[in-house]
Structure formats: structure tokens, C-alpha cells
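Participant: File data.cif follows (mmCIF, C-alpha atoms):
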```cif
data_final
#
loop_
_atom_site.label_atom_id
_atom_site.label_comp_id
_atom_site.auth_asym_id
_atom_site.auth_seq_id
_atom_site.Cartn_x
_atom_site.Cartn_y
_atom_site.Cartn_z
CA MET H 1 -49.26 -12.67 8.66
CA ARG H 2 -51.38 -9.70 9.59
CA ILE H 3 -50.32 -6.30 8.30
CA LYS H 4 -51.56 -3.20 10.07
CA GLN H 5 -49.26 -0.46 8.94
CA ALA H 6 -50.11 2.50 6.78
CA GLY H 7 -48.76 1.79 3.31
CA GLY H 8 -47.91 -1.90 3.64
CA ALA H 9 -45.03 -4.16 4.62
CA SER H 10 -42.17 -6.25 3.25
CA TRP H 11 -40.38 -9.37 4.44
CA THR H 12 -37.97 -12.06 3.31
CA TRP H 13 -39.33 -15.51 2.48
CA HIS H 14 -36.94 -18.47 2.59
CA VAL H 15 -38.31 -21.25 0.36
CA GLU H 16 -37.05 -24.81 0.51
CA GLY H 17 -38.14 -27.01 -2.38
CA ASN H 18 -40.17 -26.33 -5.49
CA GLU H 19 -43.67 -27.18 -4.30
CA ALA H 20 -46.30 -24.62 -5.25
CA ARG H 21 -47.95 -22.51 -2.55
CA GLU H 22 -51.28 -20.76 -2.31
CA ILE H 23 -51.25 -17.17 -1.12
CA ILE H 24 -54.47 -15.65 0.14
CA CYS H 25 -54.44 -11.85 0.29
CA LEU H 26 -57.21 -9.86 1.94
CA ALA H 27 -57.30 -6.12 2.60
CA ARG H 28 -60.23 -3.87 3.49
CA ASP H 29 -59.44 -1.34 0.77
CA GLY H 30 -57.49 -3.69 -1.52
CA ALA H 31 -53.79 -4.38 -1.95
CA ARG H 32 -51.12 -5.56 -4.37
CA LEU H 33 -48.69 -8.34 -3.49
CA PHE H 34 -45.25 -8.61 -5.09
CA ILE H 35 -42.66 -11.39 -4.98
CA ASP H 36 -39.18 -10.33 -6.12
CA ASN H 37 -40.69 -7.08 -7.48
CA LYS H 38 -43.17 -8.97 -9.70
CA GLU H 39 -46.85 -8.39 -8.96
CA VAL H 40 -48.48 -11.75 -8.26
CA ILE H 41 -51.94 -10.63 -7.16
CA GLU H 42 -54.07 -7.53 -6.97
CA CYS H 43 -56.59 -8.08 -4.23
CA PRO H 44 -59.84 -6.15 -4.68
CA ALA H 45 -61.35 -4.16 -1.83
CA GLY H 46 -64.22 -5.46 0.27
CA LEU H 47 -63.68 -9.22 -0.03
CA PRO H 48 -65.08 -11.17 2.92
CA TYR H 49 -62.64 -12.79 5.34
CA VAL H 50 -63.32 -16.48 5.90
CA GLN H 51 -61.24 -18.63 8.21
CA ALA H 52 -61.23 -21.63 5.85
CA THR H 53 -58.53 -20.95 3.26
CA HIS H 54 -60.15 -23.25 0.69
CA ARG H 55 -63.26 -21.04 0.80
CA SER H 56 -61.49 -17.73 0.24
CA ALA H 57 -63.22 -15.39 -2.18
CA GLU H 58 -62.41 -15.37 -5.89
CA GLY H 59 -59.73 -12.80 -6.59
CA SER H 60 -58.14 -13.20 -3.15
CA ARG H 61 -55.74 -16.04 -3.88
CA VAL H 62 -53.00 -17.02 -6.25
CA THR H 63 -50.84 -20.12 -6.78
CA VAL H 64 -47.11 -19.40 -6.88
CA SER H 65 -43.99 -21.49 -7.41
CA PRO H 66 -41.16 -19.11 -6.49
CA GLY H 67 -38.46 -21.81 -6.44
CA THR H 68 -35.88 -22.65 -3.82
CA GLY H 69 -34.07 -19.68 -2.33
CA THR H 70 -34.67 -16.34 -0.69
CA HIS H 71 -37.45 -14.13 -2.03
CA GLU H 72 -38.52 -10.61 -1.18
CA VAL H 73 -42.23 -10.22 -0.54
CA ARG H 74 -43.88 -6.78 -0.51
CA LEU H 75 -47.48 -5.80 0.15
CA GLU H 76 -48.74 -2.40 -0.94
CA LEU H 77 -52.02 -1.37 0.65
CA ASN H 78 -54.35 0.71 -1.52
CA SER H 79 -55.14 2.98 1.41
CA ARG H 80 -52.95 4.80 3.88
CA ASP H 81 -55.83 5.01 6.34
CA PRO H 82 -54.45 3.90 9.74
CA ARG H 83 -57.49 1.63 10.14
CA GLN H 84 -56.56 -0.25 6.97
CA ASP H 85 -55.21 -3.72 7.57
CA ALA H 86 -54.54 -6.86 5.59
CA SER H 87 -54.01 -10.58 6.07
CA ILE H 88 -51.57 -12.54 3.95
CA ILE H 89 -52.00 -16.28 4.40
CA LEU H 90 -49.57 -18.83 3.01
CA ALA H 91 -50.96 -22.32 2.39
CA TYR H 92 -49.90 -25.64 0.91
CA PRO H 93 -51.62 -26.80 -2.31
CA ASN H 94 -54.17 -28.64 -0.13
CA PHE H 95 -54.96 -25.27 1.55
CA HIS H 96 -53.55 -26.24 4.95
CA ILE H 97 -51.77 -23.29 6.55
CA CYS H 98 -48.05 -23.12 5.76
CA PRO H 99 -45.56 -21.13 7.86
CA TRP H 100 -43.66 -18.25 6.20
CA THR H 101 -40.59 -19.29 8.16
CA LYS H 102 -39.23 -22.40 9.87
CA GLU H 103 -38.39 -20.42 12.99
CA GLU H 104 -40.94 -20.43 15.76
CA ILE H 105 -42.51 -17.03 16.28
CA PRO H 106 -41.45 -15.92 19.77
CA HIS H 107 -44.07 -14.91 22.27
CA ALA H 108 -44.01 -14.14 25.95
CA ALA H 109 -45.67 -16.82 28.04
CA ILE H 110 -47.78 -15.59 30.93
CA LEU H 111 -47.53 -18.13 33.72
CA PRO H 112 -49.72 -18.23 36.83
CA ALA H 113 -48.10 -17.02 40.05
CA ALA H 114 -46.70 -19.86 42.15
#
```
Just dump the structure as C-alpha cells.
Facilitator:
Amino acid sequence: MRIKQAGGASWTWHVEGNEAREIICLARDGARLFIDNKEVIECPAGLPYVQATHRSAEGSRVTVSPGTGTHEVRLELNSRDPRQDASIILAYPNFHICPWTKEEIPHAAILPAA
């Protein structure tokens, strides 16, 4: 999930099962991530973004086991600068990308003219 909104964002996370998850949090000027109003990670500013989740910088990831159910996730950006953005990546324990939701994210398909 990519956040590009001054101040941060919040969303609902529906968890099925009790398997732990890795959360990778990156923000240009730093951020704090909360699950059910409990801070789970404070991401420092200036960490490099790498596409391989297993190579994410120290301080950018946390292992969580929120338990089955619905959880409120909130990201607070340390800067209100409109150029501030953040990426919040959810991964399985083996660091393969995990979806935040079972629903497919809708997108408009652009088809060639017939």
C-alpha cells in the first residue's frame, strides 16, 4: 500500500488465521505504524527503499501476530509536507508479498480499439 497523503492514512485489516506477518514500513521523513491503537513500529527517516522485502533496512520492519479478526491500522507520517509519501508492505513470514485484503483491487482496463 502506498500512502501519499499529508498526515497519513488508516484502513481496516481483516485477518484470517493466526500466522505471523512481516510489515515493512518506509517513509521519506519517517512514520509510526499502529495496529488497534498500539504502536508496532517507528520507522526512521531516510531508509533506502529496496524491492526485495527480505533485504529491507534494519528498523523498517516488524513481525506481528494480530490474531484472527478485524484490526484498525493507522500510519502517522512524521511530516505534513505534500511530497512526503510512504510504503507499507505486508509479507508472509517467508517475505513473499501478502495482500492486505482478499478482494481484488479494482482497476480500469484499457483495451485496444477494435
Participant: May I ask which of the residues H:Asn78, H:Thr63, H:Ser87, H:Asn18 is the closest one to H:Val50, counting all atoms listed in the file?
Facilitator: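 Nearest candidate to H:Val50 out of H:Asn78, H:Thr63, H:Ser87, H:Asn18: H:Ser87.
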Participant: Using the chain letters and numbering of this document, enumerate as a ChimeraX atom specification the residues selected by the PyMOL selection byres ((chain H and resi 43) around 12).
Facilitator: /H:23-34,39-42,44-48,56-62,75-78,86-88
Participant: Nearest to H:Pro66: which of H:Ala91, H:Cys98, H:Ala9, H:Ile35 is it, counting all atoms listed in the file?
Facilitator: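 Looking only at the distances to H:Pro66, the closest residue turns out to be H:Ile35.
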Participant: Provide the atom CA of H:Asn37 to atom CA of H:His54 distance in Å, to one decimal place.
Facilitator: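 A separation of 26.6 Å between them.
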Participant: For the provided coordinates, the residues matched by the PyMOL selection byres ((chain H and resi 67) around 12) should be stated as a PyMOL selection string.
Facilitator: chain H and resi 13-21+35-36+64-66+68-71
Participant: Rounded to one decimal place, report the atom CA of H:Gly8-atom CA of H:Arg83 distance in Å.
Facilitator: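 Computing the Euclidean distance for atom CA of H:Gly8 and atom CA of H:Arg83 yields 12.1 Å.
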Participant: Taking all atoms listed in the file into account, which of H:Ala52, H:Val73, H:Lys38, H:Ser10 comes nearest H:Asn94?
Facilitator: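 Going through H:Ala52, H:Val73, H:Lys38, H:Ser10 one by one, the smallest distance to H:Asn94 is for H:Ala52.
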Participant: Tell me, in Å to one decimal, how far atom CA of H:Asp81 is from atom CA of H:Ile97.
Facilitator: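 Answer for the atom CA of H:Asp81 to atom CA of H:Ile97 separation: 28.6 Å.
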Participant: Restricting the calculation to all atoms listed in the file, which member of H:His96, H:Gly7, H:Thr101, H:Asp85 is positioned closest to H:Tyr49?
Facilitator: H:Asp85
